[in-house]
Amino acid sequence: MDKWKQVKYTMEDALECIIDYRGKTPRKSNDGIETLSAKSVKMGFIDYSNCYYISHDEYKRFMVRGFPKKGDILLTTEAPLGMVARLDKDNVAIAQRLLTLRGKQGVLDNNFLLYYLQSSIGQGLLKSRETGTTVTGIKQAEFRKIEIEIPPFPIQQQIAGILSVLDSKIENNAKINHHLPSPRSATDSSPDIRRGKSVSRSSARRTFSLQLLSIVSKIGCILSSNAFISFVAGAGTNSFSKSRVTMASKTAPFALRFNFSTTVSAR
């Protein structure tokens with residue numbers, strides 16, 4: 001299969017909007033609109049227990065630089081730099097140290113952007129433009145200058161779709177394992193379960209990863225192996241140790257051999 005042609009863009013050119021509330025702090029309230037800060041955004045998910053509230057009137061007064069939408073990508077700009085998650089609801093406020101990103105239709109898919117920024121490539125690009133000493137971060141002006149090489153829009157959607165399936169299955173499996181009761185037999189092969197502990201998110205991901213390889217291998221019908229390897233092998237700076245995996249798919253005419261790593265978020 002012929003490789004697609006990757007196109008280079010700056011973030012400024014690839015994004016429809018970059019919403020930044022740097023330098024603005026809303027007045028807090030006991031209830032009202034959920035307001036997210038850098039503390040709320042973890043790698044791959046939003047921790048709503050770390051949000052605060054502002055009144056509806058304050059929301060109208062404060063949110064003058066743009067309104068976030070469900071599906072937008074949130075990026076922490078400092079303390080810490082580089083946490084990335086997808087916004088899963090409307091009607092939230094965004095406070096300091098967060099950028100709200102929305103890709104241009106037909107140029108940059110939001111879900112692809114999510115995984116790209118989580119990858120070692122994306123994290124490296126962010127780090128290359130960070131400034132500061134005690135607390136490092138990236139300014140909006142520097143973020144806009146970041147150059148990314150991306151495949152055509154339909155290929156982005158295919159890549160993001162497959163990685164999203166993986167994430168969903170891993171998430172569901174983690175939830176199931178977390179609620180499993182301790183077995184009565186002391187001969188169970190899992191040390192965590194033998195000790196009566198909940199299975200951790202990372203353990204669940206490791207256990208379930210082999211079952212997901214058949215899904216990943218089917219991407220060979222769509223993508224060139226080299227491009228997919230470079231993208232997925234670097235997917236996540238908080239990934240579990242890479243294992244040498246050989247995958248063969250009934251739907252693909254070849255086997256893919258690469259270091260496999262899925263994004264792991266310590267929750």
# chains A, B, ... in the order shown; residues from 1 in each chain; ligands from 1
$ residues_around --residues "region 146-160 of chain A" --least-positions-apart "5" --cutoff "6 Å" --atoms "only C-alpha atoms" --output "CSV table (one decimal) with N, CA and C atoms, in the first residue's frame"
chain,number,residue,atom,x,y,z
A,6,GLN,N,2.1,13.2,4.1
A,6,GLN,CA,1.9,14.0,5.3
A,6,GLN,C,2.1,15.5,5.0
A,7,VAL,N,1.3,16.3,5.6
A,7,VAL,CA,1.3,17.7,5.4
A,7,VAL,C,1.8,18.4,6.6
A,8,LYS,N,2.6,19.4,6.5
A,8,LYS,CA,3.1,20.2,7.7
A,8,LYS,C,2.2,21.4,7.9
A,9,TYR,N,1.8,21.6,9.1
A,9,TYR,CA,1.0,22.8,9.5
A,9,TYR,C,1.6,23.4,10.8
A,10,THR,N,1.4,24.7,11.0
A,10,THR,CA,1.6,25.2,12.4
A,10,THR,C,0.3,25.0,13.1
A,11,MET,N,0.4,24.9,14.4
A,11,MET,CA,-0.9,24.8,15.2
A,11,MET,C,-1.8,25.9,14.8
A,106,GLY,N,-11.8,19.3,8.2
A,106,GLY,CA,-11.1,18.9,7.0
A,106,GLY,C,-9.6,19.0,7.1
A,107,VAL,N,-9.1,19.6,8.2
A,107,VAL,CA,-7.6,19.8,8.3
A,107,VAL,C,-7.1,18.9,9.5
A,111,ASN,N,-10.1,14.3,17.7
A,111,ASN,CA,-9.7,13.1,18.4
A,111,ASN,C,-8.2,12.7,18.0
A,112,PHE,N,-7.9,13.0,16.8
A,112,PHE,CA,-6.5,12.7,16.4
A,112,PHE,C,-5.5,13.6,17.1
$ residues_around --residues "region 18-34 of chain A" --least-positions-apart "4" --cutoff "8 Å" --atoms "only C-alpha atoms" --output "PyMOL selection string"
chain A and resi 51-56+58-59+62+65-68+91-102+140
$ residues_around --residues "Leu114 (chain A)" --least-positions-apart "2" --cutoff "9 Å" --atoms "only C-alpha atoms" --output "list in words"
Gly44, Ile73, Leu74, Val84, Ala85, Arg86, Asp109, Asn110, Asn111, Phe112, Tyr116, Leu117, Gln118, Ser119 and Ala160 of chain A
$ write_last_selection --atoms "C-alpha atoms" --output "tab-separated table (two decimals), in the first residue's frame"
chain	number	residue	atom	x	y	z
A	44	GLY	CA	-6.73	11.38	28.93
A	73	ILE	CA	-9.33	19.31	23.43
A	74	LEU	CA	-8.02	20.75	26.70
A	84	VAL	CA	-4.42	16.48	27.49
A	85	ALA	CA	-8.08	15.45	27.60
A	86	ARG	CA	-11.25	15.66	25.53
A	109	ASP	CA	-9.47	16.01	13.62
A	110	ASN	CA	-9.98	16.74	17.33
A	111	ASN	CA	-9.66	13.12	18.37
A	112	PHE	CA	-6.47	12.71	16.35
A	116	TYR	CA	-1.09	13.25	18.90
A	117	LEU	CA	-0.52	15.56	21.87
A	118	GLN	CA	-0.45	12.57	24.24
A	119	SER	CA	2.19	10.83	22.14
A	160	ALA	CA	-8.24	8.16	16.10
$ atom_distance --atom1 "CA of Leu87 (chain A)" --atom2 "CA of Ser128 (chain A)"
25.5 Å
$ closest_residue --among "A:Gly82, A:Thr136, A:Glu16, A:Ala38" --to "Ser120 (chain A)" --atoms "only C-alpha atoms"
A:Gly82
$ atom_distance --atom1 "CA of Gly103 (chain A)" --atom2 "CA of Asp13 (chain A)"
9.3 Å
$ closest_residue --among "A:Ile176, A:Tyr115, A:Cys17, A:Lys89" --to "Tyr48 (chain A)" --atoms "only C-alpha atoms"
A:Lys89
$ atom_distance --atom1 "CA of Lys145 (chain A)" --atom2 "CA of Leu81 (chain A)"
16.6 Å
$ select_by_dssp --residues "region 42-205 of chain A" --states "alpha helix (DSSP H)" --output "PyMOL selection string"
chain A and resi 56-62+110-118+120-128+140-145+153-178+191-194+201-205
$ select_by_dssp --residues "region 94-177 of chain A" --states "strand (DSSP E)" --output "PyMOL selection string"
chain A and resi 94+98-103+147-150
